[in-house]
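**Student:** Next comes the structure file my_file_4.txt, holding compact mmCIF, C-alpha atoms.
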```
# COMPACT_ATOMS: atom_id res chain seq x y z
CA MET A 118 123.60 103.30 130.54
CA ASN A 119 123.28 103.78 134.27
CA ALA A 120 121.50 105.90 136.84
CA GLY A 121 123.20 109.07 135.71
CA SER A 122 123.06 108.55 131.95
CA THR A 123 120.97 110.46 129.42
CA HIS A 124 117.96 109.27 127.50
CA ILE A 125 115.65 110.52 124.78
CA ASP A 126 112.82 112.59 126.24
CA ILE A 127 109.64 113.11 124.21
CA SER A 128 107.35 113.48 127.21
CA ASP A 129 106.66 117.17 126.58
CA GLN A 130 105.84 116.74 122.88
CA THR A 131 102.09 116.99 123.30
CA ASP A 132 101.43 116.65 119.57
CA ARG A 133 102.27 112.97 120.06
CA HIS A 134 99.63 112.52 122.79
CA VAL A 135 96.07 111.25 122.44
CA VAL A 136 93.90 111.38 125.55
CA ILE A 137 91.56 108.40 125.36
CA ALA A 138 89.83 109.09 128.67
CA ALA A 139 90.50 112.22 130.72
CA GLY A 140 90.56 112.03 134.46
CA THR A 141 88.52 114.51 136.46
CA GLN A 142 88.43 115.55 140.09
CA ASP A 143 85.97 112.71 140.66
CA ILE A 144 87.01 110.08 138.13
CA TYR A 145 90.30 108.15 138.11
CA GLN A 146 90.95 106.32 134.82
CA GLY A 147 93.31 103.39 135.39
CA HIS A 148 95.13 100.32 134.09
CA PRO A 149 94.48 100.19 130.33
CA THR A 150 95.46 97.54 127.83
CA THR A 151 95.03 97.76 124.06
CA LEU A 152 94.57 95.47 121.08
CA LEU A 153 95.35 96.11 117.41
CA MET A 154 93.30 94.08 114.96
CA PRO A 155 94.80 92.43 111.84
CA ASP A 156 93.57 95.26 109.59
CA GLY A 157 96.27 97.43 111.16
CA LYS A 158 93.91 100.26 112.10
CA THR A 159 91.13 99.00 114.37
CA MET A 160 92.09 99.21 118.03
CA PHE A 161 90.34 98.44 121.30
CA CYS A 162 91.17 99.75 124.76
CA VAL A 163 89.77 98.56 128.10
CA TRP A 164 90.52 99.97 131.53
CA THR A 165 89.14 100.45 135.05
CA TYR A 166 87.75 103.18 137.22
CA ASN A 167 90.02 103.86 140.21
CA HIS A 168 93.19 102.01 141.12
CA GLY A 169 92.39 98.32 140.67
CA GLY A 170 88.72 99.20 140.69
CA PRO A 171 85.68 98.14 138.65
CA CYS A 172 85.80 97.39 134.94
CA GLY A 173 83.34 98.79 132.44
CA PRO A 174 85.02 101.55 130.42
CA ALA A 175 86.05 100.58 126.90
CA ALA A 176 86.76 102.38 123.63
CA ARG A 177 87.30 101.61 119.96
CA SER A 178 89.42 103.38 117.36
CA ASP A 179 89.07 102.88 113.59
CA ASP A 180 92.09 104.99 112.64
CA GLY A 181 95.01 103.47 114.50
CA GLY A 182 94.39 105.23 117.78
CA LEU A 183 94.08 108.82 116.55
CA THR A 184 90.42 109.10 117.59
CA TRP A 185 88.36 106.97 119.97
CA THR A 186 84.69 106.17 120.54
CA ARG A 187 83.44 104.86 123.87
CA ILE A 188 81.76 101.45 123.62
CA ASP A 189 80.87 100.89 127.28
CA ASP A 190 77.26 100.24 126.32
CA LEU A 191 78.28 97.26 124.16
CA MET A 192 79.73 95.43 127.14
CA PRO A 193 77.62 92.92 129.11
CA GLU A 194 76.18 94.19 132.38
CA GLY A 195 78.26 91.71 134.36
CA PHE A 196 81.47 93.35 133.12
CA THR A 197 80.96 96.20 135.56
CA LYS A 198 81.21 93.69 138.40
CA HIS A 199 84.66 92.57 137.26
CA GLU A 200 87.61 94.28 138.92
CA ASN A 201 91.29 95.09 138.48
CA CYS A 202 93.39 95.48 135.35
CA PRO A 203 91.40 94.02 132.43
CA SER A 204 93.54 92.63 129.61
CA ILE A 205 92.34 92.22 126.01
CA TYR A 206 93.57 89.59 123.55
CA ARG A 207 92.69 88.19 120.11
CA LEU A 208 92.88 84.38 120.00
CA VAL A 209 92.19 82.10 117.02
CA ASP A 210 91.10 78.51 117.59
CA PRO A 211 92.20 75.46 115.52
CA GLU A 212 89.18 75.92 113.21
CA GLY A 213 90.24 79.49 112.45
CA ILE A 214 87.50 81.14 114.54
CA GLU A 215 88.62 84.50 115.94
CA ARG A 216 87.57 85.56 119.41
CA LEU A 217 88.33 88.73 121.32
CA TRP A 218 88.71 88.16 125.04
CA VAL A 219 88.80 90.53 128.00
CA PHE A 220 90.05 88.81 131.15
CA SER A 221 89.96 90.60 134.52
CA ALA A 222 91.34 89.71 137.93
CA GLN A 223 88.47 89.45 140.36
CA PRO A 224 86.45 87.48 141.13
CA ASN A 225 88.59 84.49 140.12
CA MET A 226 89.55 85.72 136.65
CA PRO A 227 86.20 86.61 135.04
CA ARG A 228 85.95 87.10 131.27
CA ILE A 229 83.89 88.43 128.40
CA VAL A 230 84.15 87.46 124.72
CA SER A 231 83.29 88.78 121.28
CA GLU A 232 82.98 86.50 118.25
CA ASP A 233 82.16 89.22 115.74
CA GLY A 234 85.17 91.51 115.89
CA GLY A 235 84.03 93.51 118.89
CA GLN A 236 80.52 94.38 117.70
CA THR A 237 78.83 92.41 120.47
CA TRP A 238 80.10 90.91 123.73
CA ARG A 239 78.87 88.31 126.19
CA GLU A 240 80.02 87.10 129.56
CA LEU A 241 81.24 83.53 130.09
CA PRO A 242 81.85 81.80 133.42
CA ALA A 243 85.02 82.90 135.22
CA LEU A 244 88.06 80.70 134.79
CA GLY A 245 88.14 80.16 138.54
CA PHE A 246 91.82 81.10 138.82
CA GLU A 247 92.72 83.01 141.98
CA CYS A 248 95.01 85.86 140.99
CA VAL A 249 96.29 89.29 141.86
CA MET A 250 96.25 90.16 138.16
CA THR A 251 94.83 88.30 135.18
CA PHE A 252 96.95 87.19 132.22
CA SER A 253 99.48 89.98 131.65
CA SER A 254 100.92 88.03 128.72
CA VAL A 255 99.43 85.64 126.18
CA ILE A 256 101.67 84.25 123.43
CA GLN A 257 101.10 81.60 120.78
CA LEU A 258 103.19 78.45 121.02
CA LYS A 259 104.63 76.59 118.02
CA ASP A 260 101.82 74.02 118.03
CA GLY A 261 99.15 76.73 117.80
CA ARG A 262 98.08 76.68 121.44
CA TYR A 263 98.33 79.83 123.55
CA LEU A 264 100.30 80.27 126.75
CA GLY A 265 98.85 82.67 129.32
CA MET A 266 100.91 83.88 132.30
CA TYR A 267 99.83 85.73 135.41
CA HIS A 268 100.64 86.01 139.11
CA LYS A 269 99.08 85.53 142.53
CA GLY A 270 99.95 85.20 146.18
CA PRO A 271 100.13 81.82 147.96
CA ASP A 272 96.59 82.23 149.29
CA SER A 273 93.78 84.75 149.38
CA GLU A 274 94.77 86.06 152.82
CA ASP A 275 98.44 86.74 152.13
CA ARG A 276 99.32 87.90 148.64
CA SER A 277 103.04 88.18 149.30
CA PRO A 278 105.38 86.58 148.45
CA LEU A 279 104.15 86.32 144.88
CA VAL A 280 104.33 83.47 142.39
CA VAL A 281 104.03 83.47 138.60
CA LEU A 282 101.74 80.85 137.07
CA GLN A 283 100.90 79.67 133.59
CA SER A 284 97.97 78.06 131.82
CA ILE A 285 97.49 76.90 128.23
CA THR A 286 94.46 76.96 125.96
CA ALA A 287 94.12 74.64 122.95
CA ASP A 288 90.72 75.91 121.80
CA GLY A 289 91.24 79.64 121.39
CA GLY A 290 90.52 80.65 124.97
CA LEU A 291 87.35 78.72 125.74
CA THR A 292 89.05 76.33 128.17
CA TRP A 293 92.38 76.57 129.97
CA SER A 294 94.62 74.00 131.62
CA THR A 295 95.08 73.75 135.37
CA PRO A 296 97.55 76.52 136.29
CA GLN A 297 101.13 75.47 137.01
CA VAL A 298 103.76 77.43 138.91
CA ALA A 299 106.36 78.85 136.52
CA THR A 300 108.30 80.95 139.05
CA PRO A 301 107.99 79.96 142.70
CA ALA A 302 107.88 82.35 145.63
CA ARG A 303 111.27 83.31 147.02
CA ALA A 304 112.47 85.24 150.03
CA ASP A 305 114.60 87.84 148.26
CA LYS A 306 112.43 88.71 145.24
CA ASP A 307 108.74 89.08 144.43
CA PRO A 308 108.14 88.10 140.76
CA CYS A 309 104.92 89.24 139.10
CA GLU A 310 103.35 90.75 135.96
CA PRO A 311 105.11 88.55 133.38
CA LEU A 312 105.71 89.42 129.72
CA VAL A 313 106.81 86.60 127.37
CA VAL A 314 108.78 87.33 124.19
CA ARG A 315 110.25 84.94 121.63
CA SER A 316 113.87 84.83 120.44
CA ASP A 317 114.88 85.77 116.91
CA ASP A 318 115.42 82.12 115.95
CA GLY A 319 112.09 81.14 117.46
CA GLU A 320 113.61 78.51 119.74
CA GLU A 321 113.49 80.31 123.10
CA LEU A 322 110.94 82.10 125.22
CA THR A 323 112.02 84.80 127.65
CA CYS A 324 109.71 85.83 130.47
CA ILE A 325 110.41 89.32 131.85
CA MET A 326 108.88 90.00 135.26
CA ARG A 327 108.28 92.91 137.57
CA GLU A 328 110.11 92.56 140.89
CA ASN A 329 107.74 93.84 143.53
CA ILE A 330 110.17 94.40 146.43
CA HIS A 331 111.78 97.10 144.28
CA GLN A 332 115.21 96.88 145.85
CA GLY A 333 117.01 95.65 142.75
CA MET A 334 116.48 94.78 139.11
CA SER A 335 113.55 93.18 137.38
CA LEU A 336 113.65 89.42 136.71
CA MET A 337 113.74 87.15 133.68
CA MET A 338 113.71 83.42 132.99
CA PHE A 339 114.05 81.30 129.87
CA SER A 340 112.47 78.26 128.27
CA ARG A 341 113.69 76.25 125.27
CA ASP A 342 110.90 73.67 125.40
CA GLU A 343 107.85 75.87 124.78
CA ALA A 344 107.22 76.65 128.46
CA GLN A 345 107.28 73.07 129.67
CA THR A 346 110.15 74.10 131.95
CA TRP A 347 111.74 77.42 132.89
CA SER A 348 115.19 78.35 134.09
CA GLU A 349 115.72 79.93 137.48
CA ALA A 350 114.93 83.63 137.36
CA VAL A 351 117.85 86.06 137.13
CA ASP A 352 118.18 89.85 137.06
CA THR A 353 117.47 91.88 133.96
CA ALA A 354 119.61 94.83 132.97
CA TRP A 355 119.21 98.03 135.00
CA GLU A 356 117.79 99.67 131.88
CA LEU A 357 114.93 97.16 131.64
CA THR A 358 113.94 97.37 135.30
CA GLY A 359 110.32 98.38 135.65
CA ASP A 360 106.74 97.40 136.37
CA ARG A 361 104.33 95.72 133.94
CA HIS A 362 106.46 95.36 130.81
CA GLN A 363 104.67 95.29 127.44
CA GLY A 364 106.30 95.51 124.05
CA VAL A 365 106.42 94.96 120.31
CA LYS A 366 109.05 93.61 117.95
CA LEU A 367 109.97 95.81 115.00
CA PRO A 368 110.65 94.53 111.47
CA ASP A 369 114.38 95.17 111.98
CA GLY A 370 114.39 92.79 114.97
CA ARG A 371 114.57 95.37 117.73
CA TRP A 372 112.17 95.35 120.65
CA VAL A 373 110.40 98.38 122.10
CA ILE A 374 109.25 97.58 125.63
CA ALA A 375 107.30 100.08 127.75
CA PHE A 376 106.95 100.07 131.54
CA ARG A 377 106.83 102.15 134.69
CA ASP A 378 110.49 102.89 135.41
CA GLN A 379 111.69 101.28 138.65
CA ALA A 380 115.44 101.17 138.03
CA PRO A 381 117.33 101.93 141.26
CA ASP A 382 118.44 105.58 141.46
CA SER A 383 116.97 106.32 138.03
CA LYS A 384 116.27 109.99 137.38
CA THR A 385 113.03 108.94 135.65
CA ARG A 386 111.87 106.47 138.28
CA GLY A 387 108.09 106.30 138.39
CA HIS A 388 107.58 107.80 134.93
CA PHE A 389 106.37 106.09 131.72
CA MET A 390 109.40 104.80 129.83
CA ALA A 391 110.32 102.64 126.86
CA TRP A 392 113.45 100.55 126.30
CA VAL A 393 114.86 99.87 122.83
CA GLY A 394 117.18 96.97 122.08
CA ALA A 395 117.73 93.57 120.51
CA TYR A 396 116.64 90.21 121.86
CA ASP A 397 120.27 89.42 122.70
CA ASP A 398 120.33 92.56 124.84
CA ILE A 399 117.39 91.23 126.82
CA ARG A 400 118.82 87.72 127.05
CA ASN A 401 122.27 88.81 128.21
CA ALA A 402 121.17 91.67 130.49
CA TRP A 403 122.93 94.17 128.25
CA PRO A 404 121.90 97.85 128.32
CA GLY A 405 120.28 97.93 124.89
CA GLN A 406 120.36 100.95 122.61
CA TYR A 407 118.58 103.63 124.64
CA ARG A 408 115.55 104.46 126.75
CA ILE A 409 112.77 106.92 125.94
CA LYS A 410 110.85 108.98 128.46
CA LEU A 411 107.35 108.75 127.02
CA LEU A 412 105.27 110.65 129.58
CA HIS A 413 105.91 112.55 132.78
CA ASN A 414 103.93 111.38 135.80
CA TYR A 415 102.64 114.31 137.87
CA ALA A 416 101.37 112.16 140.74
CA GLU A 417 102.59 113.31 144.16
CA GLN A 418 103.90 109.82 144.84
CA VAL A 419 105.38 108.94 141.47
CA VAL A 420 104.64 105.22 141.49
CA ASP A 421 101.29 105.12 139.74
CA CYS A 422 101.39 104.75 135.95
CA GLY A 423 102.22 102.14 133.34
CA TYR A 424 100.22 98.94 132.77
CA PRO A 425 100.60 99.79 129.12
CA GLY A 426 99.22 98.64 125.86
CA VAL A 427 101.84 98.76 123.09
CA VAL A 428 101.01 98.19 119.42
CA LEU A 429 102.89 98.62 116.14
CA LEU A 430 101.00 100.13 113.20
CA PRO A 431 101.82 99.17 109.58
CA ASP A 432 103.59 102.50 108.94
CA GLY A 433 106.01 101.91 111.83
CA THR A 434 104.18 104.08 114.36
CA ILE A 435 104.30 102.71 117.90
CA VAL A 436 101.27 103.52 120.04
CA ALA A 437 102.05 103.17 123.74
CA THR A 438 99.08 103.66 126.07
CA THR A 439 99.14 104.15 129.83
CA TYR A 440 97.22 105.60 132.76
CA ILE A 441 98.97 108.55 134.31
CA LYS A 442 98.56 111.78 136.26
CA TYR A 443 98.81 113.71 133.03
CA ARG A 444 98.94 117.27 134.33
CA PRO A 445 99.40 119.10 137.65
CA GLY A 446 96.17 120.07 139.36
CA PRO A 447 93.15 118.40 140.95
CA GLU A 448 92.33 116.09 138.04
CA GLN A 449 93.01 112.41 138.65
CA HIS A 450 94.67 109.92 136.30
CA SER A 451 93.87 109.81 132.58
CA VAL A 452 94.32 107.14 129.92
CA VAL A 453 96.79 108.56 127.39
CA SER A 454 98.58 107.28 124.27
CA VAL A 455 101.98 108.37 122.97
CA ARG A 456 102.69 107.94 119.24
CA PHE A 457 106.23 107.73 117.86
CA LYS A 458 108.48 106.19 115.23
CA LEU A 459 112.03 105.27 116.17
CA ASP A 460 113.31 106.73 112.91
CA ASP A 461 111.97 110.12 113.98
CA LEU A 462 113.94 109.98 117.24
CA ASN A 463 117.39 109.21 115.83
```
Can the structure from this file be put into structure tokens for me?
**Tutor:**
Amino acid sequence: MNAGSTHIDISDQTDRHVVIAAGTQDIYQGHPTTLLMPDGKTMFCVWTYNHGGPCGPAARSDDGGLTWTRIDDLMPEGFTKHENCPSIYRLVDPEGIERLWVFSAQPNMPRIVSEDGGQTWRELPALGFECVMTFSSVIQLKDGRYLGMYHKGPDSEDRSPLVVLQSITADGGLTWSTPQVATPARADKDPCEPLVVRSDDGEELTCIMRENIHQGMSLMMFSRDEAQTWSEAVDTAWELTGDRHQGVKLPDGRWVIAFRDQAPDSKTRGHFMAWVGAYDDIRNAWPGQYRIKLLHNYAEQVVDCGYPGVVLLPDGTIVATTYIKYRPGPEQHSVVSVRFKLDDLN
């Protein structure tokens, strides 16, 4: 596949769409992430008002994302003072205690937590990590600890070039290790917004990263020692080039990874896309099977969508959620889900 190749387009199939939060002329809904609970039907979604703006909006679904109820009033008051791209995760500590976490970016990676499945929430002290974005990926390591990865600039005054950092929690998210640089700043590329996936044999981690200069492909690096060390970053395939990758692994071993398309000369650049392929396709920068245009972005400058949540329901339905200028007209961005099964597309 290349810049002129075809792809599957389901962006106009509105029966697949669920609008979680509609934008208005005055309200911009932005930067959602989602979480699917172990029951396979309860979902949470958190997002911001405005581009990188204040947190506060949140919603819950009890039917796998078909219908949503706003739960803003359950969140602690301090949550509205957090800003930029909240991310939600479920972490289990060594004693088996489940906690739901929402980490945000500013100031210094603040956080809120629920210890009762999202019924009540409280604010804990910020982690104190300077960042552009909070953890965009959290993955469990073989020893049960969790690896969190995020990015920042070299200092608060100059956020470019960017570096990718990592931290590890051994107690289910209560405390985190001192951040270490995983991908250093470089002159020719700007790595950020990491997503970590595990190989089919379980022995390798691959970190896929947005490349913020946007003059080439996205980046990826590899670790075979559970993130103690990483290889030098190299280019991904053209087909996987995008911003803020998030994905799920299917029972047949394939990955579905959603992102804002940023592939050079792509006919769908700036729109909400998904890539389908095997781990070996990722690892070897092969094209994969195909790409799917999930939603059309009607923004005048088509660079503002993505930051998705992607979950896999027990029946094989993939629910990919994004913020996007959903329709032409004066209304600003909305938070919208797209529902699909790969078997229905082939």
**Student:** For His413 of chain A, find every residue with an atom within 12 Å (counting only C-alpha atoms), except residues of its own chain fewer than 2 positions away, and show them as a PyMOL selection string.
**Tutor:** chain A and resi 126-131+134+377-378+384-390+409-411+415-417+419-423+439-445+453+455
**Student:** What are the nearest atom pairs, with distances in Å to one decimal, for all residues of segment 423-455 of chain A that come at most 12 Å from segment 344-363 of chain A, using all atoms listed in the file, set out by chain and rising residue number as CSV?
**Tutor:**
```
residue,atom,partner,partner_atom,distance
A:Gly423,CA,A:Arg361,CA,6.8
A:Tyr424,CA,A:Arg361,CA,5.4
A:Pro425,CA,A:Gln363,CA,6.3
A:Gly426,CA,A:Gln363,CA,6.6
A:Val427,CA,A:Gln363,CA,6.2
A:Val428,CA,A:Gln363,CA,9.3
A:Leu429,CA,A:Gln363,CA,11.9
A:Val436,CA,A:Gln363,CA,11.6
A:Ala437,CA,A:Gln363,CA,9.1
A:Thr438,CA,A:Gln363,CA,10.2
A:Thr439,CA,A:Gln363,CA,10.7
```
**Student:** Applying 9 Å and only C-alpha atoms, which residues near segment 159-162 of chain A remain after dropping the ones on its own chain fewer than 4 positions away? List them as a tab-separated table (two decimals) with C-alpha atoms, in the frame of the given file.
**Tutor:**
```tsv
chain	number	residue	atom	x	y	z
A	137	ILE	CA	91.56	108.40	125.36
A	149	PRO	CA	94.48	100.19	130.33
A	150	THR	CA	95.46	97.54	127.83
A	151	THR	CA	95.03	97.76	124.06
A	152	LEU	CA	94.57	95.47	121.08
A	153	LEU	CA	95.35	96.11	117.41
A	154	MET	CA	93.30	94.08	114.96
A	155	PRO	CA	94.80	92.43	111.84
A	174	PRO	CA	85.02	101.55	130.42
A	175	ALA	CA	86.05	100.58	126.90
A	176	ALA	CA	86.76	102.38	123.63
A	177	ARG	CA	87.30	101.61	119.96
A	178	SER	CA	89.42	103.38	117.36
A	179	ASP	CA	89.07	102.88	113.59
A	180	ASP	CA	92.09	104.99	112.64
A	181	GLY	CA	95.01	103.47	114.50
A	182	GLY	CA	94.39	105.23	117.78
A	185	TRP	CA	88.36	106.97	119.97
A	204	SER	CA	93.54	92.63	129.61
A	205	ILE	CA	92.34	92.22	126.01
A	235	GLY	CA	84.03	93.51	118.89
A	426	GLY	CA	99.22	98.64	125.86
A	438	THR	CA	99.08	103.66	126.07
```
**Student:** Using only C-alpha atoms for the distances, tell me which of A:His450, A:Arg239, A:Lys458, A:Arg341 is nearest to Ser316 of chain A.
**Tutor:**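 Of all the options, A:Arg341 lies closest to Ser316 of chain A.
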**Student:** Could you check which of A:Gly319, A:Leu282, A:Ala287, A:Gln332 is closest to Asp305 of chain A, using all atoms listed in the file?
**Tutor:**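 Once distances to Asp305 of chain A are computed over all atoms listed in the file, the minimum belongs to A:Gln332.
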**Student:** A:Tyr166, A:Gln283, A:Ser335, A:Met192: which is nearest Ala402 of chain A, counting only C-alpha atoms?
**Tutor:**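 Looking at the shortest contact to Ala402 of chain A, the residue is A:Ser335.
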**Student:** Determine the nearest neighbour of Gly157 of chain A from the options A:Asp288, A:Leu430, A:Trp392, A:Asn414, counting all atoms listed in the file.
**Tutor:**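 Under the stated criterion, the closest residue is A:Leu430.
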**Student:** With only C-alpha atoms as the atoms that count, which of A:Asp156, A:Gly405, A:Arg315, A:Arg262 lies nearest to Pro431 of chain A?
**Tutor:**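 Looking only at the distances to Pro431 of chain A, the closest residue turns out to be A:Asp156.
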**Student:** Go ahead and compute the interatomic distance for atom CA of Pro311 of chain A and atom CA of Ile214 of chain A, in Å to one decimal.
**Tutor:**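 Result for atom CA of Pro311 of chain A versus atom CA of Ile214 of chain A: 26.8 Å, one decimal.
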**Student:** Would you pick out the contacts of Asn167 of chain A at 7 Å or less, using all atoms listed in the file, so that residues sharing its chain but fewer than 6 positions from it are not included, and give the list as a ChimeraX atom specification?
**Tutor:** /A:145-147
**Student:** In Å to one decimal, how far is atom CA of Glu321 of chain A from atom CA of Asp398 of chain A?
**Tutor:**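 Between atom CA of Asp398 of chain A and atom CA of Glu321 of chain A the gap is 14.1 Å.
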**Student:** Some atoms are missing, so please complete segment 208-230 of chain A with N, CA and C atoms and return it as a tab-separated table (two decimals), in the coordinates of the input.
**Tutor:**
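The result, stored in rebuild33.tsv:
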```
chain	number	residue	atom	x	y	z
A	208	LEU	N	92.44	85.77	120.10
A	208	LEU	CA	92.88	84.38	120.00
A	208	LEU	C	92.11	83.70	118.88
A	209	VAL	N	92.79	82.83	118.14
A	209	VAL	CA	92.19	82.10	117.02
A	209	VAL	C	92.26	80.61	117.32
A	210	ASP	N	91.12	79.92	117.24
A	210	ASP	CA	91.10	78.51	117.59
A	210	ASP	C	91.55	77.64	116.41
A	211	PRO	N	91.69	76.33	116.59
A	211	PRO	CA	92.20	75.46	115.52
A	211	PRO	C	91.33	75.47	114.26
A	212	GLU	N	90.06	75.85	114.38
A	212	GLU	CA	89.18	75.92	113.21
A	212	GLU	C	89.24	77.29	112.53
A	213	GLY	N	90.09	78.16	113.05
A	213	GLY	CA	90.24	79.49	112.45
A	213	GLY	C	89.24	80.51	112.94
A	214	ILE	N	88.47	80.20	113.99
A	214	ILE	CA	87.50	81.14	114.54
A	214	ILE	C	88.21	82.14	115.45
A	215	GLU	N	88.01	83.41	115.17
A	215	GLU	CA	88.62	84.50	115.94
A	215	GLU	C	87.70	84.89	117.09
A	216	ARG	N	88.30	85.05	118.26
A	216	ARG	CA	87.57	85.56	119.41
A	216	ARG	C	88.40	86.66	120.08
A	217	LEU	N	87.71	87.70	120.50
A	217	LEU	CA	88.33	88.73	121.32
A	217	LEU	C	87.94	88.47	122.76
A	218	TRP	N	88.94	88.47	123.63
A	218	TRP	CA	88.71	88.16	125.04
A	218	TRP	C	89.14	89.34	125.90
A	219	VAL	N	88.37	89.64	126.93
A	219	VAL	CA	88.80	90.53	128.00
A	219	VAL	C	88.76	89.72	129.29
A	220	PHE	N	89.92	89.48	129.86
A	220	PHE	CA	90.05	88.81	131.15
A	220	PHE	C	90.31	89.87	132.22
A	221	SER	N	89.71	89.71	133.38
A	221	SER	CA	89.96	90.60	134.52
A	221	SER	C	90.46	89.77	135.69
A	222	ALA	N	90.72	90.42	136.81
A	222	ALA	CA	91.34	89.71	137.93
A	222	ALA	C	90.33	89.10	138.90
A	223	GLN	N	89.42	89.93	139.36
A	223	GLN	CA	88.47	89.45	140.36
A	223	GLN	C	87.03	89.59	139.85
A	224	PRO	N	86.16	88.64	140.27
A	224	PRO	CA	86.45	87.48	141.13
A	224	PRO	C	86.90	86.26	140.33
A	225	ASN	N	88.07	85.74	140.66
A	225	ASN	CA	88.59	84.49	140.12
A	225	ASN	C	88.69	84.48	138.60
A	226	MET	N	89.26	85.54	138.07
A	226	MET	CA	89.55	85.72	136.65
A	226	MET	C	88.28	85.61	135.79
A	227	PRO	N	87.39	86.57	135.89
A	227	PRO	CA	86.20	86.61	135.04
A	227	PRO	C	86.57	87.01	133.61
A	228	ARG	N	85.63	86.83	132.67
A	228	ARG	CA	85.95	87.10	131.27
A	228	ARG	C	84.70	87.43	130.47
A	229	ILE	N	84.91	88.20	129.41
A	229	ILE	CA	83.89	88.43	128.40
A	229	ILE	C	84.50	88.14	127.04
A	230	VAL	N	83.66	87.87	126.03
A	230	VAL	CA	84.15	87.46	124.72
A	230	VAL	C	83.31	88.08	123.62
```
